[in-house]
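Novice: Dropping in my_file-v7.pdb, which is PDB, C-alpha atoms:
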ATOM      1  CA  MET A 264       6.723 -74.106 124.746
ATOM      2  CA  ASN A 265       5.715 -70.494 125.341
ATOM      3  CA  PRO A 266       4.371 -68.437 122.387
ATOM      4  CA  GLU A 267       7.509 -66.320 122.205
ATOM      5  CA  MET A 268       9.759 -69.387 121.885
ATOM      6  CA  ALA A 269       7.471 -70.743 119.174
ATOM      7  CA  GLY A 270       7.685 -67.410 117.385
ATOM      8  CA  ARG A 271      11.457 -67.449 117.593
ATOM      9  CA  ARG A 272      11.512 -70.932 116.085
ATOM     10  CA  ALA A 273       9.319 -69.793 113.199
ATOM     11  CA  VAL A 274      11.442 -66.716 112.578
ATOM     12  CA  LEU A 275      14.701 -68.642 112.620
ATOM     13  CA  HIS A 276      13.287 -71.425 110.437
ATOM     14  CA  GLY A 277      12.301 -68.849 107.835
ATOM     15  CA  LEU A 278      15.693 -67.163 108.151
ATOM     16  CA  ALA A 279      17.490 -70.457 107.642
ATOM     17  CA  LEU A 280      15.466 -71.297 104.561
ATOM     18  CA  GLY A 281      16.341 -67.933 103.054
ATOM     19  CA  THR A 282      20.010 -67.779 104.060
ATOM     20  CA  ILE A 283      21.686 -69.002 100.882
ATOM     21  CA  GLY A 284      20.225 -66.176  98.848
ATOM     22  CA  THR A 285      21.712 -63.554 101.159
ATOM     23  CA  LEU A 286      25.208 -64.893 101.795
ATOM     24  CA  THR A 287      28.127 -62.677 100.922
ATOM     25  CA  PRO A 288      30.672 -64.036  98.418
ATOM     26  CA  SER A 289      33.201 -64.626 101.187
ATOM     27  CA  VAL A 290      30.690 -66.747 103.095
ATOM     28  CA  VAL A 291      29.695 -68.760 100.030
ATOM     29  CA  ALA A 292      33.374 -69.474  99.384
ATOM     30  CA  GLN A 293      33.979 -70.602 102.953
ATOM     31  CA  SER A 294      35.273 -74.170 103.044
ATOM     32  CA  ALA A 295      33.962 -76.967 105.245
ATOM     33  CA  THR A 296      36.673 -76.478 107.867
ATOM     34  CA  THR A 297      37.747 -72.837 107.764
ATOM     35  CA  GLY A 298      36.321 -69.578 108.987
ATOM     36  CA  GLU A 299      36.097 -66.378 107.024
ATOM     37  CA  GLU A 300      39.710 -65.557 107.882
ATOM     38  CA  GLY A 301      40.741 -68.832 106.217
ATOM     39  CA  ASP A 302      42.112 -70.428 109.383
ATOM     40  CA  ASP A 303      41.242 -73.954 110.433
ATOM     41  CA  LEU A 304      38.461 -74.089 113.008
ATOM     42  CA  SER A 305      37.450 -77.718 112.578
ATOM     43  CA  ASN A 306      39.117 -78.962 115.756
ATOM     44  CA  PHE A 307      39.009 -75.834 117.890
ATOM     45  CA  ARG A 308      38.189 -76.442 121.536
ATOM     46  CA  ILE A 309      38.248 -73.849 124.314
ATOM     47  CA  LYS A 310      41.676 -73.769 125.940
ATOM     48  CA  ASN A 311      41.799 -70.935 128.459
ATOM     49  CA  GLY A 312      38.286 -71.119 129.903
ATOM     50  CA  ARG A 313      38.677 -67.890 131.846
ATOM     51  CA  ILE A 314      35.438 -66.658 130.272
ATOM     52  CA  ARG A 315      32.640 -69.069 131.164
ATOM     53  CA  GLN A 316      30.917 -69.350 127.812
ATOM     54  CA  SER A 317      27.400 -70.431 126.981
ATOM     55  CA  VAL A 318      25.228 -70.609 123.859
ATOM     56  CA  MET A 319      21.752 -69.200 123.260
ATOM     57  CA  GLY A 320      20.003 -72.086 121.568
ATOM     58  CA  TRP A 321      17.303 -70.235 119.623
ATOM     59  CA  CYS A 322      19.935 -68.624 117.382
ATOM     60  CA  PHE A 323      20.951 -71.993 115.944
ATOM     61  CA  GLN A 324      17.499 -73.222 114.912
ATOM     62  CA  PRO A 325      16.441 -75.138 112.915
ATOM     63  CA  MET A 326      19.383 -77.301 114.025
ATOM     64  CA  PRO A 327      17.918 -80.000 116.287
ATOM     65  CA  VAL A 328      18.612 -79.224 119.936
ATOM     66  CA  PRO A 329      20.340 -82.585 120.646
ATOM     67  CA  GLU A 330      22.725 -81.908 117.770
ATOM     68  CA  LEU A 331      23.473 -78.415 119.076
ATOM     69  CA  ILE A 332      24.116 -79.833 122.549
ATOM     70  CA  ASP A 333      26.683 -82.232 121.091
ATOM     71  CA  HIS A 334      28.470 -79.422 119.248
ATOM     72  CA  VAL A 335      28.500 -77.186 122.332
ATOM     73  CA  GLN A 336      30.002 -79.999 124.381
ATOM     74  CA  ALA A 337      32.612 -80.781 121.714
ATOM     75  CA  ILE A 338      33.762 -77.146 121.593
ATOM     76  CA  GLY A 339      34.233 -77.101 125.351
ATOM     77  CA  ILE A 340      31.570 -74.478 125.966
ATOM     78  CA  GLU A 341      30.335 -74.783 129.537
ATOM     79  CA  GLY A 342      26.659 -73.893 129.295
ATOM     80  CA  ILE A 343      23.551 -73.617 127.169
ATOM     81  CA  GLU A 344      20.375 -71.542 127.440
ATOM     82  CA  GLY A 345      17.373 -70.570 125.328
ATOM     83  CA  ILE A 346      16.379 -74.164 124.593
ATOM     84  CA  PRO A 347      13.055 -75.787 125.552
ATOM     85  CA  ALA A 348      13.143 -77.064 129.131
ATOM     86  CA  GLU A 349      12.376 -80.559 127.882
ATOM     87  CA  PHE A 350      15.999 -80.704 126.693
ATOM     88  CA  TYR A 351      17.539 -79.583 129.988
ATOM     89  CA  PRO A 352      18.028 -83.166 131.237
ATOM     90  CA  LEU A 353      19.850 -84.133 128.046
ATOM     91  CA  ALA A 354      22.125 -81.092 128.271
ATOM     92  CA  VAL A 355      22.980 -81.901 131.875
ATOM     93  CA  GLU A 356      23.530 -85.559 130.998
ATOM     94  CA  LYS A 357      26.038 -84.414 128.358
ATOM     95  CA  GLY A 358      27.935 -82.420 130.970
ATOM     96  CA  LEU A 359      26.600 -78.946 130.212
ATOM     97  CA  LYS A 360      25.251 -76.402 132.673
ATOM     98  CA  ILE A 361      21.948 -74.612 132.162
ATOM     99  CA  SER A 362      23.273 -71.060 132.261
ATOM    100  CA  LEU A 363      19.958 -69.176 132.203
ATOM    101  CA  VAL A 364      16.313 -70.219 132.483
ATOM    102  CA  SER A 365      13.711 -68.517 130.286
ATOM    103  CA  SER A 366      10.576 -66.927 131.710
ATOM    104  CA  HIS A 367       7.773 -64.638 130.536
ATOM    105  CA  GLY A 368       9.337 -63.219 127.363
ATOM    106  CA  PHE A 369      10.142 -59.672 126.330
ATOM    107  CA  ALA A 370       6.759 -58.617 124.930
ATOM    108  CA  LYS A 371       4.376 -59.312 127.810
ATOM    109  CA  GLY A 372       6.121 -57.848 130.838
ATOM    110  CA  PRO A 373       5.404 -56.144 134.166
ATOM    111  CA  VAL A 374       5.303 -52.623 132.720
ATOM    112  CA  ASP A 375       1.628 -53.420 132.076
ATOM    113  CA  PRO A 376      -0.172 -54.257 135.358
ATOM    114  CA  ARG A 377      -2.589 -56.462 133.434
ATOM    115  CA  ASN A 378       0.330 -58.869 133.009
ATOM    116  CA  HIS A 379       1.388 -58.991 136.659
ATOM    117  CA  GLU A 380      -0.370 -62.191 137.677
ATOM    118  CA  GLU A 381       1.009 -64.094 134.691
ATOM    119  CA  VAL A 382       4.514 -62.608 134.990
ATOM    120  CA  ILE A 383       4.800 -63.394 138.696
ATOM    121  CA  ALA A 384       3.504 -66.955 138.256
ATOM    122  CA  THR A 385       5.869 -67.573 135.334
ATOM    123  CA  LEU A 386       8.870 -66.197 137.192
ATOM    124  CA  ARG A 387       8.128 -68.383 140.217
ATOM    125  CA  SER A 388       7.825 -71.438 137.976
ATOM    126  CA  SER A 389      11.079 -70.547 136.210
ATOM    127  CA  ILE A 390      12.818 -70.117 139.569
ATOM    128  CA  ASP A 391      11.677 -73.618 140.501
ATOM    129  CA  THR A 392      13.063 -74.940 137.218
ATOM    130  CA  ALA A 393      16.368 -73.168 137.866
ATOM    131  CA  VAL A 394      16.630 -74.802 141.286
ATOM    132  CA  ARG A 395      15.859 -78.211 139.806
ATOM    133  CA  PHE A 396      18.678 -77.907 137.283
ATOM    134  CA  GLU A 397      21.132 -76.061 139.539
ATOM    135  CA  CYS A 398      20.987 -72.905 137.435
ATOM    136  CA  SER A 399      21.645 -69.643 139.241
ATOM    137  CA  SER A 400      19.762 -67.223 136.950
ATOM    138  CA  VAL A 401      16.328 -66.567 135.426
ATOM    139  CA  ILE A 402      15.774 -63.923 132.775
ATOM    140  CA  THR A 403      13.175 -61.166 133.060
ATOM    141  CA  PHE A 404      12.119 -58.222 130.888
ATOM    142  CA  THR A 405      10.155 -55.002 131.266
ATOM    143  CA  GLY A 406       7.789 -55.708 128.389
ATOM    144  CA  MET A 407       6.518 -53.279 125.769
ATOM    145  CA  ARG A 408       5.385 -49.725 126.376
ATOM    146  CA  VAL A 409       1.698 -49.107 127.022
ATOM    147  CA  ASP A 410      -0.006 -46.285 125.131
ATOM    148  CA  GLY A 411      -0.715 -43.319 127.374
ATOM    149  CA  MET A 412       1.429 -44.592 130.268
ATOM    150  CA  THR A 413       4.139 -42.296 131.618
ATOM    151  CA  ASP A 414       7.679 -43.582 132.144
ATOM    152  CA  GLN A 415       7.283 -43.142 135.901
ATOM    153  CA  GLU A 416       4.113 -45.215 135.921
ATOM    154  CA  GLY A 417       5.853 -47.877 133.845
ATOM    155  CA  GLU A 418       8.814 -48.049 136.212
ATOM    156  CA  ASP A 419       6.534 -48.209 139.244
ATOM    157  CA  ASN A 420       4.568 -51.068 137.677
ATOM    158  CA  CYS A 421       7.725 -53.059 136.962
ATOM    159  CA  VAL A 422       9.114 -52.608 140.450
ATOM    160  CA  ASP A 423       5.782 -53.510 142.027
ATOM    161  CA  ALA A 424       5.656 -56.846 140.180
ATOM    162  CA  TRP A 425       9.294 -57.784 140.747
ATOM    163  CA  LYS A 426       9.083 -56.999 144.452
ATOM    164  CA  LYS A 427       6.282 -59.552 144.713
ATOM    165  CA  VAL A 428       8.565 -62.324 143.465
ATOM    166  CA  ILE A 429      12.076 -61.296 144.500
ATOM    167  CA  GLY A 430      11.692 -62.711 148.012
ATOM    168  CA  TYR A 431      10.962 -66.099 146.479
ATOM    169  CA  ALA A 432      14.077 -65.812 144.322
ATOM    170  CA  GLU A 433      16.167 -64.909 147.366
ATOM    171  CA  ASP A 434      14.830 -67.868 149.327
ATOM    172  CA  LYS A 435      15.732 -70.206 146.459
ATOM    173  CA  GLY A 436      19.151 -68.650 145.803
ATOM    174  CA  VAL A 437      18.270 -67.660 142.235
ATOM    175  CA  THR A 438      19.040 -64.313 140.587
ATOM    176  CA  LEU A 439      16.620 -62.551 138.237
ATOM    177  CA  VAL A 440      18.509 -60.780 135.449
ATOM    178  CA  LEU A 441      16.802 -57.912 133.642
ATOM    179  CA  GLU A 442      17.706 -57.721 129.965
ATOM    180  CA  HIS A 443      18.259 -54.391 128.230
ATOM    181  CA  LEU A 444      17.135 -54.527 124.562
ATOM    182  CA  ASN A 445      17.543 -52.135 121.649
ATOM    183  CA  THR A 446      14.579 -50.365 120.058
ATOM    184  CA  ARG A 447      16.450 -48.990 117.039
ATOM    185  CA  ASP A 448      16.714 -51.993 114.729
ATOM    186  CA  ASP A 449      13.373 -52.696 113.056
ATOM    187  CA  THR A 450      14.708 -54.929 110.271
ATOM    188  CA  HIS A 451      14.020 -58.279 111.942
ATOM    189  CA  PRO A 452      11.894 -59.338 114.929
ATOM    190  CA  MET A 453      14.899 -60.707 116.812
ATOM    191  CA  LYS A 454      17.482 -58.040 115.925
ATOM    192  CA  GLY A 455      15.646 -55.185 117.606
ATOM    193  CA  HIS A 456      12.503 -54.619 119.647
ATOM    194  CA  PRO A 457      10.778 -51.295 118.857
ATOM    195  CA  GLY A 458       8.535 -50.286 121.728
ATOM    196  CA  TYR A 459      10.461 -52.144 124.449
ATOM    197  CA  PHE A 460      10.318 -50.161 127.701
ATOM    198  CA  GLY A 461      13.733 -51.183 129.078
ATOM    199  CA  ASP A 462      15.825 -49.848 126.198
ATOM    200  CA  GLN A 463      17.833 -47.371 128.286
ATOM    201  CA  LEU A 464      20.594 -48.620 130.574
ATOM    202  CA  ASP A 465      19.987 -45.802 133.043
ATOM    203  CA  ARG A 466      16.366 -46.916 133.385
ATOM    204  CA  CYS A 467      17.405 -50.553 133.878
ATOM    205  CA  ALA A 468      19.924 -49.500 136.511
ATOM    206  CA  ARG A 469      17.282 -47.423 138.277
ATOM    207  CA  LEU A 470      14.859 -50.367 138.300
ATOM    208  CA  ILE A 471      17.535 -52.656 139.716
ATOM    209  CA  GLU A 472      18.364 -50.155 142.443
ATOM    210  CA  ARG A 473      14.699 -49.806 143.361
ATOM    211  CA  VAL A 474      14.144 -53.563 143.645
ATOM    212  CA  ASN A 475      17.185 -53.441 145.929
ATOM    213  CA  SER A 476      18.134 -57.106 146.103
ATOM    214  CA  PRO A 477      21.389 -58.999 145.480
ATOM    215  CA  CYS A 478      19.184 -61.406 143.521
ATOM    216  CA  PHE A 479      18.074 -58.793 140.969
ATOM    217  CA  ARG A 480      20.741 -57.807 138.465
ATOM    218  CA  LEU A 481      21.379 -56.651 134.893
ATOM    219  CA  LEU A 482      21.698 -58.793 131.786
ATOM    220  CA  PHE A 483      24.222 -56.754 129.815
ATOM    221  CA  ASP A 484      23.671 -57.638 126.166
ATOM    222  CA  ILE A 485      26.732 -56.216 124.426
ATOM    223  CA  TYR A 486      25.003 -56.096 121.038
ATOM    224  CA  HIS A 487      21.980 -54.174 122.331
ATOM    225  CA  VAL A 488      24.137 -51.814 124.396
ATOM    226  CA  GLN A 489      26.301 -51.022 121.360
ATOM    227  CA  ILE A 490      23.225 -50.091 119.337
ATOM    228  CA  MET A 491      21.540 -47.963 121.992
ATOM    229  CA  HIS A 492      24.521 -46.394 123.734
ATOM    230  CA  GLY A 493      27.970 -47.489 122.553
ATOM    231  CA  ASP A 494      30.907 -46.820 124.893
ATOM    232  CA  VAL A 495      30.656 -50.476 125.906
ATOM    233  CA  ILE A 496      33.887 -50.866 127.865
ATOM    234  CA  ARG A 497      33.329 -47.753 129.981
ATOM    235  CA  ARG A 498      29.791 -48.907 130.732
ATOM    236  CA  ILE A 499      30.970 -52.363 131.798
ATOM    237  CA  ARG A 500      33.497 -50.806 134.141
ATOM    238  CA  SER A 501      30.942 -48.440 135.668
ATOM    239  CA  MET A 502      28.096 -50.976 135.939
ATOM    240  CA  HIS A 503      29.929 -54.228 136.633
ATOM    241  CA  SER A 504      28.713 -54.479 140.221
ATOM    242  CA  MET A 505      25.116 -54.932 139.011
ATOM    243  CA  ILE A 506      25.806 -57.179 135.999
ATOM    244  CA  GLY A 507      24.683 -60.790 136.382
ATOM    245  CA  HIS A 508      24.902 -62.117 132.808
ATOM    246  CA  TYR A 509      26.258 -61.171 129.357
ATOM    247  CA  HIS A 510      25.127 -61.829 125.786
ATOM    248  CA  THR A 511      27.144 -61.357 122.592
ATOM    249  CA  ALA A 512      26.425 -60.681 118.908
ATOM    250  CA  GLY A 513      28.005 -58.698 116.099
ATOM    251  CA  ASN A 514      26.684 -55.297 115.057
ATOM    252  CA  PRO A 515      25.177 -54.411 112.702
ATOM    253  CA  GLY A 516      23.030 -57.413 111.905
ATOM    254  CA  ARG A 517      23.271 -59.593 115.053
ATOM    255  CA  CYS A 518      25.804 -61.630 113.103
ATOM    256  CA  GLU A 519      28.975 -63.504 114.038
ATOM    257  CA  ILE A 520      31.469 -61.635 116.225
ATOM    258  CA  ASP A 521      34.016 -61.561 113.395
ATOM    259  CA  GLU A 522      35.943 -58.871 111.512
ATOM    260  CA  HIS A 523      32.903 -57.822 109.467
ATOM    261  CA  GLN A 524      31.212 -56.097 112.414
ATOM    262  CA  GLU A 525      32.203 -53.217 114.668
ATOM    263  CA  ILE A 526      32.518 -54.576 118.218
ATOM    264  CA  ASN A 527      35.994 -55.476 119.538
ATOM    265  CA  TYR A 528      35.097 -58.599 121.463
ATOM    266  CA  PRO A 529      38.571 -59.704 122.636
ATOM    267  CA  ALA A 530      39.092 -56.306 124.274
ATOM    268  CA  ILE A 531      35.653 -56.463 125.889
ATOM    269  CA  MET A 532      36.265 -59.977 127.229
ATOM    270  CA  LYS A 533      39.517 -58.827 128.826
ATOM    271  CA  VAL A 534      37.718 -55.970 130.566
ATOM    272  CA  ILE A 535      35.010 -58.351 131.809
ATOM    273  CA  LEU A 536      37.752 -60.469 133.372
ATOM    274  CA  GLU A 537      39.348 -57.373 134.908
ATOM    275  CA  THR A 538      36.069 -56.612 136.731
ATOM    276  CA  GLY A 539      36.227 -59.991 138.462
ATOM    277  CA  TYR A 540      33.059 -61.277 136.805
ATOM    278  CA  LYS A 541      32.497 -65.017 137.368
ATOM    279  CA  GLY A 542      29.204 -65.600 135.534
ATOM    280  CA  TYR A 543      28.374 -66.625 131.978
ATOM    281  CA  VAL A 544      28.925 -64.927 128.631
ATOM    282  CA  ALA A 545      26.439 -66.440 126.176
ATOM    283  CA  GLN A 546      26.882 -66.398 122.402
ATOM    284  CA  GLU A 547      23.625 -64.966 121.007
ATOM    285  CA  PHE A 548      24.458 -64.202 117.397
ATOM    286  CA  ILE A 549      22.419 -65.400 114.420
ATOM    287  CA  PRO A 550      24.794 -67.371 112.168
ATOM    288  CA  THR A 551      25.294 -66.154 108.613
ATOM    289  CA  TRP A 552      28.242 -68.375 107.667
ATOM    290  CA  SER A 553      27.437 -71.390 105.520
ATOM    291  CA  ASP A 554      28.405 -73.647 108.463
ATOM    292  CA  PRO A 555      26.874 -72.399 111.735
ATOM    293  CA  VAL A 556      29.035 -74.771 113.781
ATOM    294  CA  LEU A 557      32.189 -73.149 112.425
ATOM    295  CA  SER A 558      30.744 -69.750 113.279
ATOM    296  CA  LEU A 559      30.130 -70.972 116.824
ATOM    297  CA  ARG A 560      33.681 -72.311 117.065
ATOM    298  CA  HIS A 561      34.929 -68.924 115.859
ATOM    299  CA  GLY A 562      32.845 -67.079 118.456
ATOM    300  CA  ALA A 563      34.073 -69.361 121.212
ATOM    301  CA  ARG A 564      37.689 -68.821 120.167
ATOM    302  CA  THR A 565      37.221 -65.050 119.976
ATOM    303  CA  CYS A 566      35.991 -64.931 123.562
ATOM    304  CA  ASP A 567      38.512 -67.433 124.933
ATOM    305  CA  VAL A 568      40.970 -64.724 125.963
TER     306      VAL A 568
END
As structure tokens, what does this structure read like?
Specialist:
Amino acid sequence: MNPEMAGRRAVLHGLALGTIGTLTPSVVAQSATTGEEGDDLSNFRIKNGRIRQSVMGWCFQPMPVPELIDHVQAIGIEGIEGIPAEFYPLAVEKGLKISLVSSHGFAKGPVDPRNHEEVIATLRSSIDTAVRFECSSVITFTGMRVDGMTDQEGEDNCVDAWKKVIGYAEDKGVTLVLEHLNTRDDTHPMKGHPGYFGDQLDRCARLIERVNSPCFRLLFDIYHVQIMHGDVIRRIRSMHSMIGHYHTAGNPGRCEIDEHQEINYPAIMKVILETGYKGYVAQEFIPTWSDPVLSLRHGARTCDV
């Protein structure tokens, strides 16, 4: 397990232990089978399937990964990501797809040339893992800003590292997807990432254009885009040709994608379909409902347009 995954586990374990004290009255009152709107979610299973949904596993810790895999399968969600690779065989055995393979993490990225050797080696290893499990995508990040480094130097460093590995990705038929993250939210280590270099969509687009490969695309995280830029639907329409993956979460708070947050997910899903997108949309919200499985069922239903 890489240090960032271990950190995520620790953060989410602490969050889970402290959840009951922070629940809103409506969440505390939630029954064992209903969502916050009061409707029955206990037997919901994806019906339309036009959006290929996945689940980011770290959000549902400390739930054991095998248990999460069973719930994902029961809901009819197609894929899973953000789980330790040791569980990939079990997920595949249960009929799930690995929708995205992890790599070097968001903190230690190619913006800093001192990280290049490690980043390139990790990306190559992750590409090999993706091939082994028939996954088409591996995530990558810019990393955190370096004191005294200009933006141009940072962009050049990123492009230099990615160009050293993109040929390998092309040969293996795997796409690297660059995730845009927000730098505004400093309330929680997984709700925002102050200091992250790739926090501007225009910069991410410029980096993708400079790498200039069909196997280097954008991971459009709807939650992060809403925080940094807004105007989500227009941005999807203008950038769809370079988007290779989507993540969801409610804003503010990286919560469920329900009526207590500001993003209109059904409308966004319909626009994603209009663009002809065929990849995955992964649920990456941190559950706040008393039953995280019901919150996952609700998210899956919301996106099953």
Novice: Selection in question (the file shown): the PyMOL selection byres ((chain A and resi 461-476) around 10). Which residues does it include, as a ChimeraX atom specification?
Specialist: /A:369,374,404-408,414,417-419,421-427,429-430,432-433,438-447,456-460,477-483,487-488,491-492,498,502,505-506
Novice: Emit the selected residues as a PDB file, in the coordinates of the input, including C-alpha atoms.
Specialist:
ATOM      1  CA  PHE A 369      10.142 -59.672 126.330  1.00  0.00           C
ATOM      2  CA  VAL A 374       5.303 -52.623 132.720  1.00  0.00           C
ATOM      3  CA  PHE A 404      12.119 -58.222 130.888  1.00  0.00           C
ATOM      4  CA  THR A 405      10.155 -55.002 131.266  1.00  0.00           C
ATOM      5  CA  GLY A 406       7.789 -55.708 128.389  1.00  0.00           C
ATOM      6  CA  MET A 407       6.518 -53.279 125.769  1.00  0.00           C
ATOM      7  CA  ARG A 408       5.385 -49.725 126.376  1.00  0.00           C
ATOM      8  CA  ASP A 414       7.679 -43.582 132.144  1.00  0.00           C
ATOM      9  CA  GLY A 417       5.853 -47.877 133.845  1.00  0.00           C
ATOM     10  CA  GLU A 418       8.814 -48.049 136.212  1.00  0.00           C
ATOM     11  CA  ASP A 419       6.534 -48.209 139.244  1.00  0.00           C
ATOM     12  CA  CYS A 421       7.725 -53.059 136.962  1.00  0.00           C
ATOM     13  CA  VAL A 422       9.114 -52.608 140.450  1.00  0.00           C
ATOM     14  CA  ASP A 423       5.782 -53.510 142.027  1.00  0.00           C
ATOM     15  CA  ALA A 424       5.656 -56.846 140.180  1.00  0.00           C
ATOM     16  CA  TRP A 425       9.294 -57.784 140.747  1.00  0.00           C
ATOM     17  CA  LYS A 426       9.083 -56.999 144.452  1.00  0.00           C
ATOM     18  CA  LYS A 427       6.282 -59.552 144.713  1.00  0.00           C
ATOM     19  CA  ILE A 429      12.076 -61.296 144.500  1.00  0.00           C
ATOM     20  CA  GLY A 430      11.692 -62.711 148.012  1.00  0.00           C
ATOM     21  CA  ALA A 432      14.077 -65.812 144.322  1.00  0.00           C
ATOM     22  CA  GLU A 433      16.167 -64.909 147.366  1.00  0.00           C
ATOM     23  CA  THR A 438      19.040 -64.313 140.587  1.00  0.00           C
ATOM     24  CA  LEU A 439      16.620 -62.551 138.237  1.00  0.00           C
ATOM     25  CA  VAL A 440      18.509 -60.780 135.449  1.00  0.00           C
ATOM     26  CA  LEU A 441      16.802 -57.912 133.642  1.00  0.00           C
ATOM     27  CA  GLU A 442      17.706 -57.721 129.965  1.00  0.00           C
ATOM     28  CA  HIS A 443      18.259 -54.391 128.230  1.00  0.00           C
ATOM     29  CA  LEU A 444      17.135 -54.527 124.562  1.00  0.00           C
ATOM     30  CA  ASN A 445      17.543 -52.135 121.649  1.00  0.00           C
ATOM     31  CA  THR A 446      14.579 -50.365 120.058  1.00  0.00           C
ATOM     32  CA  ARG A 447      16.450 -48.990 117.039  1.00  0.00           C
ATOM     33  CA  HIS A 456      12.503 -54.619 119.647  1.00  0.00           C
ATOM     34  CA  PRO A 457      10.778 -51.295 118.857  1.00  0.00           C
ATOM     35  CA  GLY A 458       8.535 -50.286 121.728  1.00  0.00           C
ATOM     36  CA  TYR A 459      10.461 -52.144 124.449  1.00  0.00           C
ATOM     37  CA  PHE A 460      10.318 -50.161 127.701  1.00  0.00           C
ATOM     38  CA  PRO A 477      21.389 -58.999 145.480  1.00  0.00           C
ATOM     39  CA  CYS A 478      19.184 -61.406 143.521  1.00  0.00           C
ATOM     40  CA  PHE A 479      18.074 -58.793 140.969  1.00  0.00           C
ATOM     41  CA  ARG A 480      20.741 -57.807 138.465  1.00  0.00           C
ATOM     42  CA  LEU A 481      21.379 -56.651 134.893  1.00  0.00           C
ATOM     43  CA  LEU A 482      21.698 -58.793 131.786  1.00  0.00           C
ATOM     44  CA  PHE A 483      24.222 -56.754 129.815  1.00  0.00           C
ATOM     45  CA  HIS A 487      21.980 -54.174 122.331  1.00  0.00           C
ATOM     46  CA  VAL A 488      24.137 -51.814 124.396  1.00  0.00           C
ATOM     47  CA  MET A 491      21.540 -47.963 121.992  1.00  0.00           C
ATOM     48  CA  HIS A 492      24.521 -46.394 123.734  1.00  0.00           C
ATOM     49  CA  ARG A 498      29.791 -48.907 130.732  1.00  0.00           C
ATOM     50  CA  MET A 502      28.096 -50.976 135.939  1.00  0.00           C
ATOM     51  CA  MET A 505      25.116 -54.932 139.011  1.00  0.00           C
ATOM     52  CA  ILE A 506      25.806 -57.179 135.999  1.00  0.00           C
TER      53      ILE A 506
END
Novice: Nearest to Arg377 in chain A among A:Asp521, A:Ser400, A:Ile390, A:Val409, with distances taken over only C-alpha atoms: which residue is it?
Specialist: A:Val409
Novice: If we count all atoms listed in the file, what is near range 362-365 of chain A at a cut-off of 6 Å, once residues fewer than 4 positions away on the same chain are taken out, given as a ChimeraX atom specification?
Specialist: /A:342-344,398,400-402
Novice: Selection in question (the file shown): the PyMOL selection byres ((chain A and resi 383) around 9). Which residues does it include, as a compact mmCIF listing (two decimals) with C-alpha atoms, keeping the file's coordinate frame?
Specialist:
# COMPACT_ATOMS: atom_id res chain seq x y z
CA HIS A 367 7.77 -64.64 130.54
CA PRO A 373 5.40 -56.14 134.17
CA ASN A 378 0.33 -58.87 133.01
CA HIS A 379 1.39 -58.99 136.66
CA GLU A 380 -0.37 -62.19 137.68
CA GLU A 381 1.01 -64.09 134.69
CA VAL A 382 4.51 -62.61 134.99
CA ALA A 384 3.50 -66.96 138.26
CA THR A 385 5.87 -67.57 135.33
CA LEU A 386 8.87 -66.20 137.19
CA ARG A 387 8.13 -68.38 140.22
CA SER A 388 7.82 -71.44 137.98
CA ALA A 424 5.66 -56.85 140.18
CA TRP A 425 9.29 -57.78 140.75
CA LYS A 427 6.28 -59.55 144.71
CA VAL A 428 8.56 -62.32 143.46
Novice: Go through A:Leu359, A:Val556, A:Val544, A:Ile531 one by one, measure the shortest atom-to-atom distance of each to Glu330 in chain A using all atoms listed in the file, and give the residue with the smallest value.
Specialist: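 Of all the options, A:Val556 lies closest to Glu330 in chain A.
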Novice: Given the file above and the PyMOL selection byres ((chain A and resi 510) around 10), which residues are selected, and can you give them as a ChimeraX atom specification?
Specialist: /A:316-319,442,482-487,508-509,511-512,543-548
Novice: When you draw a straight line from CA of Gln489 in chain A to CA of Arg517 in chain A, how long is it in Å?
Specialist: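 Separation between CA of Gln489 in chain A and CA of Arg517 in chain A: 11.1 Å.
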Novice: Have a look at A:Ile490, A:Val568, A:Leu304, A:Leu557 and name the one nearest to Tyr528 in chain A; count all atoms listed in the file.
Specialist: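 Smallest separation from Tyr528 in chain A among the options: A:Val568.
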Novice: Which value, in Å to one decimal, gives the distance between CA of Ser501 in chain A and CA of Ala530 in chain A?
Specialist: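 Value for the CA of Ser501 in chain A-CA of Ala530 in chain A distance: 16.1 Å.
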Novice: Have a look at A:Asp434, A:Asp410, A:Glu522, A:Asp567 and name the one nearest to Leu536 in chain A; count all atoms listed in the file.
Specialist: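 Once distances to Leu536 in chain A are computed over all atoms listed in the file, the minimum belongs to A:Asp567.
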Novice: Go through A:Ile340, A:Arg497, A:Met326, A:Asn527 one by one, measure the shortest atom-to-atom distance of each to Asn311 in chain A using only C-alpha atoms, and give the residue with the smallest value.
Specialist: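 Checking each candidate against Asn311 in chain A, we get A:Ile340 as the closest.
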Novice: Residues within 9 Å of Lys541 in chain A, please, as a list in words. Count only C-alpha atoms; anything in the same chain fewer than 4 positions from it doesn't count.
Specialist: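 Listed by chain and then number, they are Arg313, Ile314, Arg315, Gly507 and Leu536 of chain A.
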Novice: Mind writing the picked residues with C-alpha atoms as an mmCIF file, in the coordinates of the input?
Specialist:
data_model
loop_
_atom_site.group_PDB
_atom_site.id
_atom_site.type_symbol
_atom_site.label_atom_id
_atom_site.label_comp_id
_atom_site.auth_asym_id
_atom_site.auth_seq_id
_atom_site.Cartn_x
_atom_site.Cartn_y
_atom_site.Cartn_z
ATOM 1 C CA ARG A 313 38.677 -67.890 131.846
ATOM 2 C CA ILE A 314 35.438 -66.658 130.272
ATOM 3 C CA ARG A 315 32.640 -69.069 131.164
ATOM 4 C CA GLY A 507 24.683 -60.790 136.382
ATOM 5 C CA LEU A 536 37.752 -60.469 133.372
#
Novice: With all atoms listed in the file as the atoms that count, which of A:Gly455, A:Pro376, A:Ile535, A:Pro352 lies nearest to Glu416 in chain A?
Specialist: A:Pro376
Novice: At what distance in Å, to one decimal, does CA of Cys566 in chain A lie from CA of Pro529 in chain A?
Specialist: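 Between CA of Pro529 in chain A and CA of Cys566 in chain A the gap is 5.9 Å.
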